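Peer 1: Here it is, the structure in full.
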Amino acid sequence: MEAAFAQASAIADQRQKIEQYKHILSTVFSSEDDVVPAKKFIDHMLSDDVPLVVSRQLLQSFAQDLGRLRPELQKEIAHYALAQIQPRSVSFEEQVLIIREKLAELYESEQQWSKAAQMLSGINLDSSMRVIDDKFKLAKCVQVARLYLEDDDAVNAEAFINKASFLVSSSQHEVLNLQYKVCYARILDLKRKFLEAALRYYDISQIEKRQIGEEEIDEEALQQALSAAVTCTILAAAGPQRSRVLATLYKDERCSKLKVYPILQKVYLERILRKPEIDAFAEELKPHQKALLPDNFTVLDRAMIEHNLLSASKLYTNISFEELGTLLGIEPPKAEKIASRMIYEDRMRGSIDQVEAVIHFEDDTEELQQWDQQIVGLCQALNDILDSMAKKGLAIPV
């Protein structure tokens, strides 16, 4: 093989030189079980014996033909090529791109999602040597994020979604924009920012188009997004913001067809949830939604305890720590701690008497009645003005 390389490098005519190297390349790929010829070819292409314009063209052909090899050989040779090209990667960006995409495709077919993402993340999207349009950058960032999310890796996925966020605002590509929204919602979900995730999922579920570019949006996908919105809202920290989102979802007629609708109804109506209902809901959750927290409660446990505590505040004027612990199914000191945090964060109205070991709940009915009276007064004043205008013969805008 060394003789063939020497013969080819001695050819003066560039076109003939390329043809001779292509012939050598075809023999390299014909030896299917031997990686040595391929490695020797790479080493020679990167040596000083081969002009850059020739080595670029030949390494591009080499990269495009990698798929002809068996997966294990393809991986070994591709990794070797990337390692050898690395010191001169600026000169071979196009070739590195093809090799990385081929490897990512192979890893993806084997469901090695993080490895596929790592391959694509090594592509230089900020190159000064070639022009890369924003659509390509956005597509790669979203693709990498989606691959990381297959392994529930929210940290690495978020890094690429943050990069994509600078590009998506000016993007006119509807499919990429939708993929970005889905990735962002899933990242918020994985990071347990449930209320924000719920709003994102709900926004996706309201898409009216059924055909975006070449991608079809079926009803099942929209229903999954709506169900994810309901689940995340139920798991969100109990409080006024969650109550507003619950009201929006409860009034959405589509939710009545969901499997999680019975628990949505009880949570919205601020009814206390019992263990069988919570266990049935738990079966629909993903692993990260049942993860154990530092306080030894799971994500689900904390959400259900806070909901039941908020529901109890609507039923009772006051309750002892011991009775509250029994109601919530936890120890009284833990019940006190959760209640004090919710009161401190303005998610529940009340006060704690530690001497008497009693929680006093404050009812906001009086404030609502006062608000209603103010609205009635405003409407009455507006009605008087309109009557006065009508008596004077003035035109009343409709």
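Going by the structure tokens order, chains are called A, B, ..., each with residues numbered from 1, while ligands are numbered from 1 in the order shown.
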As a PyMOL selection string, please: every residue in stretch 177-345 of chain A that a backbone DSSP assignment puts in helix (DSSP H, G or I).
Peer 2: chain A and resi 177-190+194-205+219-235+240-251+253-257+261-268+275-282+287-290+299-315+321-328+332-344
Peer 1: Save out the residues we just selected, C-alpha atoms, as an mmCIF file, in the first residue's frame.
Peer 2:
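Once everything was written out, this is result-v8.cif:
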data_model
loop_
_atom_site.group_PDB
_atom_site.id
_atom_site.type_symbol
_atom_site.label_atom_id
_atom_site.label_comp_id
_atom_site.auth_asym_id
_atom_site.auth_seq_id
_atom_site.Cartn_x
_atom_site.Cartn_y
_atom_site.Cartn_z
ATOM 1 C CA ASN A 177 -40.021 26.189 15.930
ATOM 2 C CA LEU A 178 -42.473 23.515 17.095
ATOM 3 C CA GLN A 179 -39.663 21.070 17.941
ATOM 4 C CA TYR A 180 -37.989 23.845 19.944
ATOM 5 C CA LYS A 181 -41.212 24.463 21.922
ATOM 6 C CA VAL A 182 -41.609 20.743 22.700
ATOM 7 C CA CYS A 183 -37.976 20.449 23.851
ATOM 8 C CA TYR A 184 -38.303 23.537 26.043
ATOM 9 C CA ALA A 185 -41.465 22.198 27.686
ATOM 10 C CA ARG A 186 -39.819 18.823 28.352
ATOM 11 C CA ILE A 187 -36.745 20.494 29.877
ATOM 12 C CA LEU A 188 -38.923 22.534 32.260
ATOM 13 C CA ASP A 189 -40.772 19.325 33.144
ATOM 14 C CA LEU A 190 -37.517 17.425 33.852
ATOM 15 C CA PHE A 194 -44.001 22.152 36.607
ATOM 16 C CA LEU A 195 -46.143 25.266 36.318
ATOM 17 C CA GLU A 196 -43.994 26.759 33.545
ATOM 18 C CA ALA A 197 -43.917 23.372 31.788
ATOM 19 C CA ALA A 198 -47.710 23.095 32.036
ATOM 20 C CA LEU A 199 -48.186 26.464 30.304
ATOM 21 C CA ARG A 200 -45.784 25.413 27.513
ATOM 22 C CA TYR A 201 -47.507 22.045 27.041
ATOM 23 C CA TYR A 202 -50.918 23.726 26.976
ATOM 24 C CA ASP A 203 -49.717 26.200 24.356
ATOM 25 C CA ILE A 204 -48.544 23.273 22.182
ATOM 26 C CA SER A 205 -51.873 21.446 22.650
ATOM 27 C CA GLU A 219 -54.877 14.524 17.528
ATOM 28 C CA GLU A 220 -53.107 11.977 19.709
ATOM 29 C CA ALA A 221 -49.956 14.152 19.924
ATOM 30 C CA LEU A 222 -52.037 17.182 20.924
ATOM 31 C CA GLN A 223 -53.897 15.085 23.495
ATOM 32 C CA GLN A 224 -50.557 13.940 24.957
ATOM 33 C CA ALA A 225 -49.454 17.566 25.261
ATOM 34 C CA LEU A 226 -52.749 18.454 26.978
ATOM 35 C CA SER A 227 -52.421 15.482 29.343
ATOM 36 C CA ALA A 228 -48.833 16.535 30.151
ATOM 37 C CA ALA A 229 -50.122 20.049 30.915
ATOM 38 C CA VAL A 230 -52.706 18.643 33.346
ATOM 39 C CA THR A 231 -50.153 16.349 35.029
ATOM 40 C CA CYS A 232 -47.598 19.135 35.469
ATOM 41 C CA THR A 233 -50.233 21.510 36.879
ATOM 42 C CA ILE A 234 -51.329 18.938 39.462
ATOM 43 C CA LEU A 235 -47.681 18.394 40.455
ATOM 44 C CA PRO A 240 -52.953 31.011 43.488
ATOM 45 C CA GLN A 241 -50.946 30.634 40.242
ATOM 46 C CA ARG A 242 -51.611 26.903 40.108
ATOM 47 C CA SER A 243 -55.294 27.534 40.815
ATOM 48 C CA ARG A 244 -55.532 29.868 37.797
ATOM 49 C CA VAL A 245 -53.983 27.274 35.477
ATOM 50 C CA LEU A 246 -56.229 24.561 36.935
ATOM 51 C CA ALA A 247 -59.276 26.723 36.160
ATOM 52 C CA THR A 248 -58.142 27.167 32.546
ATOM 53 C CA LEU A 249 -57.641 23.421 32.089
ATOM 54 C CA TYR A 250 -60.862 22.446 33.857
ATOM 55 C CA LYS A 251 -62.879 24.733 31.583
ATOM 56 C CA GLU A 253 -63.740 20.735 27.090
ATOM 57 C CA ARG A 254 -60.943 18.536 25.684
ATOM 58 C CA CYS A 255 -59.755 17.691 29.205
ATOM 59 C CA SER A 256 -62.939 15.764 30.000
ATOM 60 C CA LYS A 257 -61.752 13.027 27.590
ATOM 61 C CA TYR A 261 -59.655 14.133 34.247
ATOM 62 C CA PRO A 262 -61.139 12.671 37.486
ATOM 63 C CA ILE A 263 -58.152 13.812 39.547
ATOM 64 C CA LEU A 264 -58.064 17.165 37.697
ATOM 65 C CA GLN A 265 -61.686 17.695 38.711
ATOM 66 C CA LYS A 266 -61.016 16.932 42.384
ATOM 67 C CA VAL A 267 -57.894 19.089 42.478
ATOM 68 C CA TYR A 268 -59.729 22.012 40.829
ATOM 69 C CA LYS A 275 -54.474 7.334 48.837
ATOM 70 C CA PRO A 276 -56.230 5.129 46.200
ATOM 71 C CA GLU A 277 -56.747 8.211 43.989
ATOM 72 C CA ILE A 278 -53.118 9.296 44.430
ATOM 73 C CA ASP A 279 -51.848 5.759 43.674
ATOM 74 C CA ALA A 280 -53.923 5.616 40.472
ATOM 75 C CA PHE A 281 -52.489 8.986 39.387
ATOM 76 C CA ALA A 282 -48.938 7.814 40.208
ATOM 77 C CA PRO A 287 -39.820 8.491 36.798
ATOM 78 C CA HIS A 288 -38.626 12.090 37.359
ATOM 79 C CA GLN A 289 -42.139 13.023 38.514
ATOM 80 C CA LYS A 290 -41.859 10.430 41.294
ATOM 81 C CA VAL A 299 -42.263 14.932 44.001
ATOM 82 C CA LEU A 300 -45.763 13.435 43.965
ATOM 83 C CA ASP A 301 -45.966 13.179 47.782
ATOM 84 C CA ARG A 302 -45.079 16.839 48.242
ATOM 85 C CA ALA A 303 -47.583 17.993 45.596
ATOM 86 C CA MET A 304 -50.407 15.919 47.102
ATOM 87 C CA ILE A 305 -49.621 16.980 50.698
ATOM 88 C CA GLU A 306 -49.594 20.654 49.708
ATOM 89 C CA HIS A 307 -52.862 20.232 47.770
ATOM 90 C CA ASN A 308 -54.582 18.482 50.676
ATOM 91 C CA LEU A 309 -53.294 21.146 53.080
ATOM 92 C CA LEU A 310 -54.705 23.907 50.866
ATOM 93 C CA SER A 311 -58.003 21.996 50.615
ATOM 94 C CA ALA A 312 -58.099 21.638 54.417
ATOM 95 C CA SER A 313 -57.662 25.415 54.753
ATOM 96 C CA LYS A 314 -60.995 25.830 52.892
ATOM 97 C CA LEU A 315 -62.774 23.362 55.189
ATOM 98 C CA PHE A 321 -50.823 19.942 64.264
ATOM 99 C CA GLU A 322 -51.712 16.406 65.342
ATOM 100 C CA GLU A 323 -55.048 16.355 63.500
ATOM 101 C CA LEU A 324 -53.456 17.937 60.426
ATOM 102 C CA GLY A 325 -50.718 15.283 60.435
ATOM 103 C CA THR A 326 -53.374 12.554 60.613
ATOM 104 C CA LEU A 327 -55.323 14.173 57.767
ATOM 105 C CA LEU A 328 -52.223 14.459 55.549
ATOM 106 C CA PRO A 332 -47.271 16.562 62.932
ATOM 107 C CA PRO A 333 -43.863 18.400 62.872
ATOM 108 C CA LYS A 334 -43.619 17.817 59.115
ATOM 109 C CA ALA A 335 -47.180 19.061 58.634
ATOM 110 C CA GLU A 336 -46.302 22.216 60.588
ATOM 111 C CA LYS A 337 -43.148 22.761 58.523
ATOM 112 C CA ILE A 338 -44.981 22.447 55.183
ATOM 113 C CA ALA A 339 -47.795 24.734 56.371
ATOM 114 C CA SER A 340 -45.359 27.391 57.610
ATOM 115 C CA ARG A 341 -43.515 27.348 54.271
ATOM 116 C CA MET A 342 -46.755 27.730 52.290
ATOM 117 C CA ILE A 343 -47.887 30.623 54.504
ATOM 118 C CA TYR A 344 -44.452 32.282 54.230
#
Peer 1: Could you please write out, as an mmCIF file with N, CA and C atoms, in the first residue's frame, every residue of stretch 150-316 of chain A that DSSP assigns to strand (DSSP E)?
Peer 2:
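Output file result.cif is given in full below:
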data_model
loop_
_atom_site.group_PDB
_atom_site.id
_atom_site.type_symbol
_atom_site.label_atom_id
_atom_site.label_comp_id
_atom_site.auth_asym_id
_atom_site.auth_seq_id
_atom_site.Cartn_x
_atom_site.Cartn_y
_atom_site.Cartn_z
ATOM 1 N N GLN A 211 -51.044 20.239 9.603
ATOM 2 C CA GLN A 211 -49.922 19.973 8.709
ATOM 3 C C GLN A 211 -48.960 21.150 8.812
ATOM 4 N N ILE A 212 -47.768 20.901 9.351
ATOM 5 C CA ILE A 212 -46.747 21.940 9.444
ATOM 6 C C ILE A 212 -45.542 21.463 8.641
ATOM 7 N N GLU A 215 -44.471 17.737 8.299
ATOM 8 C CA GLU A 215 -44.848 17.027 9.531
ATOM 9 C C GLU A 215 -46.344 17.138 9.796
ATOM 10 N N GLU A 216 -46.960 15.978 10.009
ATOM 11 C CA GLU A 216 -48.387 15.945 10.328
ATOM 12 C C GLU A 216 -48.571 16.003 11.837
#
Peer 1: Taking only C-alpha atoms into account, produce a table as JSON lines in which each residue of stretch 103-172 of chain A with an atom at most 10 Å from an atom of stretch 76-92 of chain A appears once, together with its shortest atom pair and the distance in Å to one decimal, ordered by chain and rising number.
Peer 2:
{"residue": "A:Leu103", "atom": "CA", "partner": "A:Ala78", "partner_atom": "CA", "distance": 7.2}
{"residue": "A:Asn124", "atom": "CA", "partner": "A:Val90", "partner_atom": "CA", "distance": 9.3}
{"residue": "A:Ser127", "atom": "CA", "partner": "A:Val90", "partner_atom": "CA", "distance": 8.4}
{"residue": "A:Ser128", "atom": "CA", "partner": "A:Val90", "partner_atom": "CA", "distance": 9.1}
{"residue": "A:Met129", "atom": "CA", "partner": "A:Val90", "partner_atom": "CA", "distance": 7.4}
{"residue": "A:Arg130", "atom": "CA", "partner": "A:Val90", "partner_atom": "CA", "distance": 9.9}
Peer 1: Measuring atom to atom with only C-alpha atoms, identify which of A:Leu378, A:Ile319, A:Leu292, A:Met119 is nearest to A:Phe361.
Peer 2: A:Ile319
Peer 1: Neighbouring residues of A:Tyr21 were defined as those with any atom within 10 Å, considering only C-alpha atoms; residues of the same chain fewer than 5 positions away were excluded. Please report them as a list of chain:residue names.
Peer 2: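 What passes the distance filter is A:Ala4, A:Phe5, A:Gln7, A:Ala8, A:Ser9, A:Gln16, A:Ser26, A:Thr27, A:Phe41, A:Met45, A:Val54, A:Ser55, A:Leu58.
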Peer 1: To one decimal place in Å, what is the distance between atom CA of A:Gln118 and atom CA of A:Leu66?
Peer 2: 18.8 Å
